[in-house]
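Have a look at the structure below, then the notes.
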Amino acid sequence: MGHWHFHGADLEDESMKAIDPRVLRRLISYVTPYRARFLAGMVMMLVATAAGLAGPWLVRTAVDDFIVPGDSAGLVWIASAYAGLYLLSWLANYWRELLIAQVGQSVIFDLRRDLFAHLQKLSFRFFDGVPAGVLISRVINDVGAVQELVSGGVLNIITDVLTLGGIVILMLTMHWKLALISFATMPLLYLVANGFRVRAGRAYRKVRTQIANIAANLQESISGVRVTQSFAREETNLVRFDRTNQENLQANMEAVSVFSVFVPIVEFVSSLGTGLVLWFGGRFYGLGAVEAGVIVAFMLYVGRFFGPIRDLTMVYNEMQAANAACEKIFQIMDTEPEVVDRPGAAALGVVRGDVSYQDVSFAYQDEQYVLQDVDLDIPAGARFALVGPTGAGKSTMINLLARFYEPAKGAILIDGIDTREVTTRSLRRNMGIVLQDTFLFSGTIKDNIRYGRPEAADEEVMEAARTVMAHDFIMRFPEGYQTDVRERGGKLSVGQRQLIAFARALLADPRILILDEATSSVDAYTEVLIQRALENLLRGRTSVIIAHRLSTIRNADQIIVMDQGRIVERGKHDELLARGGLYSHLYEMQFRAQEAEAV
């Protein structure tokens with residue numbers, strides 16, 4: 001299992017890499033379900049290529065057999081055949097483009113779906129190391145790079161190779177000496193194309209790096225816009241974004257400059273080839289060694305000869321871009337979730353709610369333990385409050401209970417069953433989780449409340465909202481439960497979002513509640529509502545709460561005091577105060593003010 005760590009553009013390899021056949025084979029496996037359409041597209045491609053190659057040959061026939069002898073009647077048939085040939089080519093190209101586009105879009109749909117599905121399974125540790133903006137870039141930009149290849153790049157390669165081969169054979173068949181003279185520019189074109197391939201490959205990778213960096217910067221800036229405005233950091237953020245945006249501009253301009261040099265050079269080499277045909281063809285014609293129609297056909301073929309070479313060079317770089325994109329996509333898809341169901345893991349039925357931490361230790365990074373040798377038994381239906389200074393390990397305790405991470409050593413049991421021996425889905429079905437950063441999804445209030453139980457009836461949704469004191473404020477909105485909360489619940493206040501989260505947890509009817517009940521900037525009325533809602537939510541359930549309110553702490557069956565990853569004190573509020581230890585110190589610093597306000 002690989003561990004991800006992101007540092008700027010470290011995930012982007014700007015070195016030139018050979019195209020990995022294993023990556024291409026894996027990509028081709030996505031084409032396999034659509035092979036019938038792909039093969040039909042190939043047939044259309046062959047027809048279009050053959051029709052395109054036959055055109056100059058017909059021109060040669062028209063000049064030598066009908067125009068020069070003055071046979072206008074025969075010329076009508078040739079002209080009709082020429083028009084019919086290009087109609088056939090147009091129809092074949094139409095069907096080729098349509099069929100291959102269907103295959104390409106289907107492959108991209110499947111690839112993007114599989115990537116998204118895998119992201120949903122990955123463990124928290126993965127997301128700790130990779131910015132969301134980079135992942136968005138993978139799903140959108142990198143899959144888009146693959147789309148360019150799959151939606152036509154592969155067939156264009158085959159078309160160009162067949163066109164080149166057909167032109168070479170036809171030119172050698174018509175006049176081998178003139179053909180060899182025409183090919184004299186090939187070494188020069190090879191040098192130009194190879195130089196372009198190397199420079200364009202570097203440019204492609206640099207562009208991909210900067211796109212990912214912009215996506216990461218943008219996602220972070222938008223997510224943190226409230227903090228930005230709170231500290232008046234708009235100008236600083238703009239400077240930072242401008243720097244990233246400028247680097248992206250420079251990378252794209254480098255890519256454009258490479259193309260702007262390459263295409264004219266290819267055109268120049270093409271004109272050199274045409275000039276050679278005119279010069280030597282004219283001399284051969286004067287000696288009677290070649291017909292006029294052959295020279296005309298040669299000029300047409302030479303004009304078409306350099307196009308496929310240019311296209312092949314550019315498609316090669318498309319393949320490199322797609323290869324680099326696929327590597328990044330498949331790197332994510334090959335990252336195994338840290339938390340996985342063991343073979344034969346059983347589904348956990350409805351539990352009583354006994355929770356037991358047995359000698360549990362955990363480190364987010366190797367050997368840097370944030371929990372050490374924790375032993376804790378929580379009886380079913382009990383309410384345990386976790387308190388302690390920042391970094392004491394409180395959040396880690398609830399993260400391990402929900403099995404977002406695995407303990408480095410020790411075990412966590414529910415009703416005497418090791419949580420690693422049951423499926424994570426069935427484990428979390430028994431849990432309700434309300435985290436400090438209350439997250440609501442874009443959509444209606446009703447959709448958010450029944451997020452954990454989509455099948456719940458409207459009346460059940462309303463009853464859950466009533467129980468946690470959310471119904472009244474919901475009904476004050478003109479659209480009631482159909483009110484769109486907007487992204488991350490931006491239409492609601494902090495307190496309202498927390499009440500919605502309580503209703504969501506209550507509707508799921510969990511036996512075990514995991515709760516970080518911090519709320520900032522709520523008025524006194526909302527604070528009272530939240531306290532009442534919390535009491536209704538906790539009643540009759542096993543609760544593990546990172547407690548920030550004095551009322552929660554006082555009502556707890558036991559208070560667990562943590563410091564530096566260890567349990568240092570445990571007991572009731574009055575007992576712990578009497579001891580004069582860490583809890584007493586925390587109380588003086590954090591909770592006495594709440595007590596004074598309550599009075």
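Residue numbers start at 1 in each chain; chains themselves are named A, B, ... in the order of the structure tokens; ligands are numbered from 1 in the order shown.
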Could you produce a table of the residues of range 34-126 of chain A lying within 7 Å of range 336-345 of chain A, with the nearest pair of atoms per residue and their separation in Å rounded to one decimal, using only C-alpha atoms, ordered by chain and increasing residue number, as CSV?
```
residue,atom,partner,partner_atom,distance
A:Lys121,CA,A:Pro337,CA,6.5
A:Leu122,CA,A:Pro337,CA,4.5
A:Ser123,CA,A:Pro337,CA,5.2
```
Excluding same-chain residues fewer than 5 positions from Met469 in chain A, what lies within 10 Å of it counting only C-alpha atoms, as an MDAnalysis selection string?
chainID A and resid 463:464 474 496 499:500 502:503 526 528:534 536
When you look at range 101-113 of chain A with a cut-off of 8 Å (counting only C-alpha atoms), what residues show up, excluding the ones that are within fewer than 3 positions of it in the same chain? I need them as a list in words.
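Listing them by chain and then by number gives Tyr30, Val31, Tyr34, Arg37, Phe38, Glu97, Leu98, Phe116, Ala117, Val139, Val143, Gly144, Val146, Gln147, Val150, Ser151 and Gly152 of chain A.
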If you count only C-alpha atoms, which residues fall within 10 Å of range 50-66 of chain A, apart from same-chain ones fewer than 3 positions away, as a PDB file with C-alpha atoms, in the first residue's frame?
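Resulting contents of around_29.pdb:
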```pdb
ATOM      1  CA  MET A  44     -14.876   3.038 -42.053  1.00  0.00           C
ATOM      2  CA  MET A  45     -11.360   4.343 -41.547  1.00  0.00           C
ATOM      3  CA  LEU A  46      -9.970   1.852 -44.073  1.00  0.00           C
ATOM      4  CA  VAL A  47     -12.617   2.852 -46.632  1.00  0.00           C
ATOM      5  CA  PRO A  69      -5.394  13.198 -75.701  1.00  0.00           C
ATOM      6  CA  GLY A  70      -8.404  15.565 -75.609  1.00  0.00           C
ATOM      7  CA  ASP A  71     -10.971  12.862 -74.749  1.00  0.00           C
ATOM      8  CA  SER A  72     -13.663  14.997 -73.074  1.00  0.00           C
ATOM      9  CA  ALA A  73     -16.248  12.183 -73.067  1.00  0.00           C
ATOM     10  CA  GLY A  74     -13.975   9.926 -71.009  1.00  0.00           C
ATOM     11  CA  LEU A  75     -13.170  12.851 -68.742  1.00  0.00           C
ATOM     12  CA  VAL A  76     -16.819  13.022 -67.665  1.00  0.00           C
ATOM     13  CA  TRP A  77     -16.569   9.480 -66.303  1.00  0.00           C
ATOM     14  CA  ILE A  78     -13.332  10.241 -64.499  1.00  0.00           C
ATOM     15  CA  ALA A  79     -14.775  13.425 -63.005  1.00  0.00           C
ATOM     16  CA  ALA A  81     -15.740   8.768 -60.357  1.00  0.00           C
ATOM     17  CA  TYR A  82     -13.647  11.416 -58.573  1.00  0.00           C
ATOM     18  CA  ALA A  83     -16.768  13.078 -57.130  1.00  0.00           C
ATOM     19  CA  GLY A  84     -18.197   9.682 -56.113  1.00  0.00           C
ATOM     20  CA  LEU A  85     -14.910   8.748 -54.481  1.00  0.00           C
ATOM     21  CA  TYR A  86     -14.924  11.837 -52.295  1.00  0.00           C
ATOM     22  CA  LEU A  87     -18.583  11.363 -51.434  1.00  0.00           C
ATOM     23  CA  LEU A  88     -17.665   7.851 -50.270  1.00  0.00           C
ATOM     24  CA  SER A  89     -14.713   9.281 -48.323  1.00  0.00           C
ATOM     25  CA  TRP A  90     -16.979  11.869 -46.665  1.00  0.00           C
ATOM     26  CA  ALA A  92     -16.866   6.879 -44.328  1.00  0.00           C
ATOM     27  CA  THR A 159      -4.894   6.154 -40.575  1.00  0.00           C
ATOM     28  CA  LEU A 162      -1.695   3.415 -43.685  1.00  0.00           C
ATOM     29  CA  THR A 163      -1.790   6.694 -45.612  1.00  0.00           C
ATOM     30  CA  LEU A 164       1.995   6.994 -45.471  1.00  0.00           C
ATOM     31  CA  GLY A 166      -0.077   3.694 -49.342  1.00  0.00           C
ATOM     32  CA  ILE A 167       1.530   6.905 -50.661  1.00  0.00           C
ATOM     33  CA  LEU A 170       1.801   4.237 -55.099  1.00  0.00           C
ATOM     34  CA  MET A 171       4.672   6.684 -55.705  1.00  0.00           C
ATOM     35  CA  MET A 174       4.270   5.168 -60.651  1.00  0.00           C
ATOM     36  CA  GLU A 291       4.020  11.513 -68.129  1.00  0.00           C
ATOM     37  CA  ALA A 292       2.520  14.842 -67.072  1.00  0.00           C
ATOM     38  CA  GLY A 293      -0.207  13.109 -65.058  1.00  0.00           C
ATOM     39  CA  VAL A 294       2.411  11.323 -62.973  1.00  0.00           C
ATOM     40  CA  ILE A 295       4.025  14.666 -62.041  1.00  0.00           C
ATOM     41  CA  VAL A 296       0.637  16.109 -61.044  1.00  0.00           C
ATOM     42  CA  ALA A 297      -0.168  13.001 -58.976  1.00  0.00           C
ATOM     43  CA  PHE A 298       3.283  13.153 -57.342  1.00  0.00           C
ATOM     44  CA  MET A 299       2.739  16.761 -56.318  1.00  0.00           C
ATOM     45  CA  LEU A 300      -0.605  15.823 -54.767  1.00  0.00           C
ATOM     46  CA  TYR A 301       0.910  12.836 -52.965  1.00  0.00           C
ATOM     47  CA  ARG A 304      -0.319  14.683 -48.448  1.00  0.00           C
TER      48      ARG A 304
END
```
Just list as a ChimeraX atom specification whatever in range 324-429 of chain A DSSP marks as strand (DSSP E or B).
/A:346,355-365,368-378,383-387,409-414,417-418,422
Restricting the calculation to only C-alpha atoms: of A:Gly565, A:Gly303, A:Pro187, A:Pro33, which residue gets closest to Gly391 in chain A?
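Of the candidates, the smallest distance to Gly391 in chain A is held by A:Gly565.
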Distance query Asp447 in chain A at most 12 Å, only C-alpha atoms, self and fewer than 3 positions along chain excluded, as a ChimeraX atom specification
/A:440-444,450-458,461-462,481-486,489,500-501,503-504,507
Could you tell me which of A:Thr467, A:Thr49, A:Asn213, A:Asn252 comes closest to Arg138 in chain A if we count only C-alpha atoms?
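Closest residue, counting only C-alpha atoms: A:Asn213.
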Suppose you want the space between CA of Arg511 in chain A and CA of Asn448 in chain A; what is it in Å?
20.3 Å
Length of the CA of Phe124 in chain A to CA of Ser230 in chain A vector [Å]
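Atom-to-atom, CA of Phe124 in chain A and CA of Ser230 in chain A are spaced 28.7 Å apart.
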Find the residues of range 451-524 of chain A that sit at most 9 Å from range 431-437 of chain A; for each, write down the nearest two atoms and how far apart they are in Å, to one decimal. Count only C-alpha atoms. Sort by chain, then by number going up, and give it as JSON lines.
```
{"residue": "A:Gly452", "atom": "CA", "partner": "A:Gly432", "partner_atom": "CA", "distance": 8.8}
{"residue": "A:Gln498", "atom": "CA", "partner": "A:Val434", "partner_atom": "CA", "distance": 8.1}
{"residue": "A:Ala501", "atom": "CA", "partner": "A:Val434", "partner_atom": "CA", "distance": 6.3}
{"residue": "A:Phe502", "atom": "CA", "partner": "A:Val434", "partner_atom": "CA", "distance": 6.9}
{"residue": "A:Arg504", "atom": "CA", "partner": "A:Gly432", "partner_atom": "CA", "distance": 8.4}
{"residue": "A:Ala505", "atom": "CA", "partner": "A:Gly432", "partner_atom": "CA", "distance": 4.9}
{"residue": "A:Leu506", "atom": "CA", "partner": "A:Gly432", "partner_atom": "CA", "distance": 7.4}
{"residue": "A:Ala508", "atom": "CA", "partner": "A:Gly432", "partner_atom": "CA", "distance": 6.9}
{"residue": "A:Asp509", "atom": "CA", "partner": "A:Gly432", "partner_atom": "CA", "distance": 7.5}
{"residue": "A:Pro510", "atom": "CA", "partner": "A:Met431", "partner_atom": "CA", "distance": 4.8}
{"residue": "A:Arg511", "atom": "CA", "partner": "A:Met431", "partner_atom": "CA", "distance": 6.1}
{"residue": "A:Ile512", "atom": "CA", "partner": "A:Met431", "partner_atom": "CA", "distance": 4.8}
{"residue": "A:Leu513", "atom": "CA", "partner": "A:Gly432", "partner_atom": "CA", "distance": 4.8}
{"residue": "A:Ile514", "atom": "CA", "partner": "A:Ile433", "partner_atom": "CA", "distance": 4.8}
{"residue": "A:Leu515", "atom": "CA", "partner": "A:Val434", "partner_atom": "CA", "distance": 4.9}
{"residue": "A:Asp516", "atom": "CA", "partner": "A:Leu435", "partner_atom": "CA", "distance": 4.9}
{"residue": "A:Glu517", "atom": "CA", "partner": "A:Gln436", "partner_atom": "CA", "distance": 6.0}
{"residue": "A:Ala518", "atom": "CA", "partner": "A:Gln436", "partner_atom": "CA", "distance": 5.5}
{"residue": "A:Thr519", "atom": "CA", "partner": "A:Gln436", "partner_atom": "CA", "distance": 7.3}
```
Give me, as a list in words, all polymer residues having an atom no more than 8 Å from range 256-260 of chain A, counting only C-alpha atoms and skipping those fewer than 4 positions away in the same chain.
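Here the answer would be Phe196, Arg199, Ala200, Asn252 and Pro264 of chain A.
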Please list as a list in words every residue within 8 Å of range 275-284 of chain A, counting only C-alpha atoms and excluding residues in the same chain fewer than 3 positions away.
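Using only C-alpha atoms, the neighbours found are Leu178, Ile181, Ser182, Ser271, Leu272, Leu287, Gly288, Ala289, Val290, Ile295, Phe298 and Met299 of chain A.
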For the atom pair CA of Gln564 in chain A and CA of Asp373 in chain A, what is the interatomic distance in Å to one decimal place?
11.5 Å
Tell me, which residues of range 452-487 of chain A carry DSSP alpha helix (DSSP H), written as a PyMOL selection string?
chain A and resi 458-467+471-475
